[in-house]
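Quick notes on the structure that follows.
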Amino acid sequence: MGILAHVDAGKTSLTERLLHAAGIIDEVGSVDEGNTQTDTLALERRRGITIKSAVVSFAVAGTTVNLIDTPGHPDFIAEVERVLNVLDGAVLVVSAVEGVQAQTRVLMRTLRRLGIPTLVFVNKIDRRGARYDGLLRELAAKLSPSVVAMGSVSGLGTGAAAFTPFDGQAAFAEELVNVLATQEDALLAAYVDDESSISAARLRAELADQTGRALAHPVFFGSAITGAGVEALMAGVRELLPPAQDDPDIPMSGTVFKVERGPAGEKVAYARIFSGTLRTRDRLRFDDRRGGAHDGEHSGGREGVEGREGRVTAISVFDGGTAVRCQEAPAGRIARLWGLADVRIGDRLTRPQDRDPQDTDPGARRASTDGRASGDEWPSGDGRRSGGEEAFDGHFAPPTLETVVSPGRAADRGALHLALSRLAEQDPLIGLRQDDVRQEVSVSLYGEVQKEVIQATLLDDFGLEVTFRETTTICVERPAGTGAAFELIGKEPNPFLATVGLRVEPGGAGDPTGGGVEFRLEVELGSLPYAFMSAIEETVHETLHQGLHGWRCGTAWSR
């Protein structure tokens with residue numbers, strides 16, 4: 001389950017309160033005091049914001065809940081991006097005072113598009129200016145018309161504010177019918193025939209069903225500071241969010257959504273196990289969800305199909321608020337994995353002997369069917385991508401800003417590139433780019449706060465003082481028309497062993513961000529040796545990696 005929100009809506013405070021209510025912690029931590037369970041980075045505690053996603057686990061009435069606290073600041077939307085592919089459900093936190101904010105709308109729109117069951121928790125009902133009726137209208141107008149309040153609030157805007165769940169009230173039943181009947185004709189027909197025949201139990205069952213299908217969104221009110229409404233929210237999680245349908249008896253599959261480095265510099269991967277059971281010493285095959293290349297070049301999908309492999313040397317799973325070392329991780333768990341030196345964020349994990357063409361990974365399926373390529377490659381000048389770069393099927397817009405990073409000392413240039421490569425492992429969308437001509441290193445950004453965090457991280461973790469040039473907007477080049485050329489064999493200046501003709505034309509117009517380069521053949525496969533075909537395709541992708549002015553080339557077809 002993910003906790004998502006606009007920055008400062010109270011996600012981390014709500015996470016603390018949930019852990020306290022579940023008996024995991026004895027005292028509720030404070031974001032301002034820097035002693036929360038999920039904001040573990042020194043930089044997070046200094047700035048009072050969540051920068052990296054964090055995992056904790058607790059039990060609700062016998063059901064294990066793996067909770068992922070995500071950043072709320074839009075500069076770190078990439079962290080949320082990766083988490084979405086492993087969620088069974090979500091809690092969207094909204095401030096009772098500020099209401100629906102820009103990031104709130106972006107998150108809810110994405111959750112609905114991906115079909116992720118979502119509860120809404122309206123936080124800060126104890127603050128002056130908190131709203132109830134007006135906020136419900138705002139939620140219905142800006143997030144989803146299928147929101148339904150699950151209780152009433154007393155003492156709104158005071159320290160004594162409390163949330164009382166509805167329990168069989170006629171007005172609540174009528175509101176449920178109004179919301180649920182829009183999606184269920186049988187319920188509407190039964191209500192029209194005899195409204196007294198619709199029992200409270202049937203309405204609650206229908207609410208749970210529609211919530212599980214992301215058609216209805218129950219709204220709870222409360223305060224993470226005082227604890228008001230938190231018990232009702234936990235009951236809602238247990239009753240309304242569907243439990244994971246993970247099968248431990250079928251071939252193992254999982255998805256990596258986070259990578260970090262341990263104290264000794266070893267790579268540690270966070271993976272959601274969707275099916276089967278992962279055990280220590282298992283040899284795993286991992287490749288990206290699309291079967292595409294990871295090296296930043298458009299390779300036509302061949303290199304991703306080759307895949308990479310590694311052996312798991314250690315496993316820990318989240319249990320009781322901490323990560324516990326164990327010998328296996330069953331389906332439904334989130335595990336930390338050691339030993340996979342070449343693993344990358346977004347990789348799908350399988351055993352080589354269990355390779356199954358049927359995709360049992362809901363996260364991979366969700367990404368491939370609902371997402372679009374987020375375009376982490378944004379070259380300018382004569383640069384090339386390197387170090388930890390990923391090809392993602394994105395749910396949010398890619399970074400639109402770029403800046404050049406310069407070391408404080410010229411002697412630190414190599415160390416800077418290595419440090420940025422390590423950061424790119426954890427956040428591939430920073431799009432590390434090495435420009436060999438200008439001897440410059442550039443990164444892609446979502447905003448200025450992210451730049452400040454990168455600067456502080458390089459100093460704190462790697463001892464490197466760096467400066468940034470003024471941030472510039474990333475551009476994308478697209479073909480304006482169709483162009484074609486060919487060279488005939490046996491005629492000057494063609495020194496090659498075959499006649500090759502190419503035509504470049506604009507690709508699909510439906511993707512405003514540019515969807516990359518697609519290579520197609522209009523000749524028979526046997527007309528040239530396969531090695532020649534491969535060389536031609538690789539050269540096309542390499543050449544069209546950037547346009548005439550040095551920016552990334554947008555949607556294009558080459559035939």
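Residue numbering restarts at 1 in every chain; chains get A, B, ... in the order shown in the structure tokens, and ligands count up from 1 in that same order.
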Within 12 Å of stretch 31-42 of chain A: each stretch 433-515 of chain A residue with its shortest pair, only C-alpha atoms, as JSON lines:
```
{"residue": "A:Val453", "atom": "CA", "partner": "A:Ala42", "partner_atom": "CA", "distance": 11.3}
{"residue": "A:Ala456", "atom": "CA", "partner": "A:Ala42", "partner_atom": "CA", "distance": 10.4}
{"residue": "A:Thr457", "atom": "CA", "partner": "A:Ala42", "partner_atom": "CA", "distance": 9.7}
{"residue": "A:Asp460", "atom": "CA", "partner": "A:Ala42", "partner_atom": "CA", "distance": 9.1}
{"residue": "A:Asp461", "atom": "CA", "partner": "A:Ala42", "partner_atom": "CA", "distance": 10.3}
```
Could the residues in this selection be saved with all heavy atoms as a PDB file, in the first residue's frame?
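Writing done, so here's selection-v5.pdb:
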```pdb
ATOM      1  N   VAL A 453      19.262  19.134  -3.594  1.00  0.00           N
ATOM      2  CA  VAL A 453      19.435  17.845  -2.932  1.00  0.00           C
ATOM      3  C   VAL A 453      20.614  17.082  -3.537  1.00  0.00           C
ATOM      4  O   VAL A 453      21.416  16.470  -2.813  1.00  0.00           O
ATOM      5  CB  VAL A 453      18.136  17.024  -3.022  1.00  0.00           C
ATOM      6  CG1 VAL A 453      18.379  15.575  -2.607  1.00  0.00           C
ATOM      7  CG2 VAL A 453      17.058  17.646  -2.152  1.00  0.00           C
ATOM      8  N   ALA A 456      23.792  18.647  -2.176  1.00  0.00           N
ATOM      9  CA  ALA A 456      24.039  18.276  -0.788  1.00  0.00           C
ATOM     10  C   ALA A 456      24.443  16.809  -0.669  1.00  0.00           C
ATOM     11  O   ALA A 456      25.319  16.458   0.144  1.00  0.00           O
ATOM     12  CB  ALA A 456      22.793  18.553   0.046  1.00  0.00           C
ATOM     13  N   THR A 457      23.842  15.926  -1.470  1.00  0.00           N
ATOM     14  CA  THR A 457      24.176  14.508  -1.429  1.00  0.00           C
ATOM     15  C   THR A 457      25.609  14.263  -1.885  1.00  0.00           C
ATOM     16  O   THR A 457      26.344  13.460  -1.288  1.00  0.00           O
ATOM     17  CB  THR A 457      23.200  13.704  -2.306  1.00  0.00           C
ATOM     18  OG1 THR A 457      21.857  13.921  -1.850  1.00  0.00           O
ATOM     19  CG2 THR A 457      23.509  12.216  -2.245  1.00  0.00           C
ATOM     20  N   ASP A 460      27.746  15.416   1.110  1.00  0.00           N
ATOM     21  CA  ASP A 460      27.638  14.614   2.332  1.00  0.00           C
ATOM     22  C   ASP A 460      28.120  13.178   2.132  1.00  0.00           C
ATOM     23  O   ASP A 460      28.811  12.622   2.996  1.00  0.00           O
ATOM     24  CB  ASP A 460      26.189  14.599   2.829  1.00  0.00           C
ATOM     25  CG  ASP A 460      25.716  15.973   3.270  1.00  0.00           C
ATOM     26  OD1 ASP A 460      26.560  16.863   3.449  1.00  0.00           O
ATOM     27  OD2 ASP A 460      24.483  16.159   3.421  1.00  0.00           O
ATOM     28  N   ASP A 461      27.720  12.565   1.011  1.00  0.00           N
ATOM     29  CA  ASP A 461      28.002  11.141   0.816  1.00  0.00           C
ATOM     30  C   ASP A 461      29.302  10.859   0.076  1.00  0.00           C
ATOM     31  O   ASP A 461      29.881   9.774   0.226  1.00  0.00           O
ATOM     32  CB  ASP A 461      26.844  10.486   0.053  1.00  0.00           C
ATOM     33  CG  ASP A 461      25.541  10.506   0.841  1.00  0.00           C
ATOM     34  OD1 ASP A 461      25.562  10.931   2.005  1.00  0.00           O
ATOM     35  OD2 ASP A 461      24.503  10.099   0.281  1.00  0.00           O
TER      36      ASP A 461
END
```
Subject >> Contact residues around A:Phe163 with only C-alpha atoms at 8 Å, ignoring same-chain residues under 3 positions, as JSON, numbers by chain >> reply: {"A": [151, 152, 153, 154, 221, 222, 228, 229]}
**OP:** Rounded to one decimal place, report the atom CA of A:Leu420-atom CA of A:Gln439 distance in Å.
**Re:**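 Taking atom CA of A:Leu420 and atom CA of A:Gln439, their separation equals 14.9 Å.
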Original post:
Could you name the residues that touch stretch 5-17 of chain A at 7 Å or less, counting only C-alpha atoms, but leaving out those on the same chain fewer than 2 positions away, as an NGL selection string?
Top reply: :A and (3 or 19-21 or 28-31 or 36-37 or 69 or 72-73 or 92-95 or 101 or 103-104 or 123 or 224-225 or 227)
**OP:** Show which residues sit within 7 Å of A:Thr467, as a list in words. Count only C-alpha atoms, and ignore same-chain residues fewer than 5 positions away.
**Re:**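 Near A:Thr467, the qualifying residues are Val405, Ser406, Pro407 and Gly408 of chain A.
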Store the residues picked out above in a file with C-alpha atoms, as a short mmCIF file (atom, residue, chain, number, x, y, z; two decimals), in the first residue's frame.
```cif
data_model
loop_
_atom_site.label_atom_id
_atom_site.label_comp_id
_atom_site.auth_asym_id
_atom_site.auth_seq_id
_atom_site.Cartn_x
_atom_site.Cartn_y
_atom_site.Cartn_z
CA VAL A 405 27.46 19.80 -13.00
CA SER A 406 31.06 20.96 -12.47
CA PRO A 407 33.46 19.74 -9.75
CA GLY A 408 35.00 22.30 -7.43
#
```
**OP:** Could you please write out, as a PyMOL selection string, every residue of stretch 136-172 of chain A that DSSP assigns to strand (DSSP E or B)?
**Re:** chain A and resi 147-149+151-154+162-165
Original post:
Within 9 Å of A:Leu84, counting only C-alpha atoms, which residues qualify if same-chain residues fewer than 3 places away don't, as a list in words?
Top reply: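 Answer for this query is Gly2, Val80, Glu81, Leu87, Asp88, Leu111, Leu114, Ile116, Phe257, Gly363, Ala367 and His395 of chain A.
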**OP:** Find the residues around A:Ala201 up to 12 Å (only C-alpha atoms counted), leave out those fewer than 4 positions away in its own chain, and share them as a ChimeraX atom specification.
**Re:** /A:167-168,173,176,197,205-208
**OP:** Could you give me, as a PyMOL selection string, the residues within 10 Å of stretch 280-286 of chain A, counting only C-alpha atoms and dropping anything in the same chain fewer than 4 positions from it?
**Re:** chain A and resi 252-256+291+304-316+326-329+337-340+342-344+346-355
Original post:
For the atom pair atom CA of A:Thr63 and atom CA of A:Val237, what is the interatomic distance in Å to one decimal place?
Top reply: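 Value for the atom CA of A:Thr63-atom CA of A:Val237 distance: 10.0 Å.
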**OP:** Would you please work out which residue, of A:Val404, A:Pro242, A:Leu528, A:Asn178, is nearest to A:Arg438 when using only C-alpha atoms?
**Re:**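 Residue with the minimum atom-to-atom distance to A:Arg438: A:Val404.
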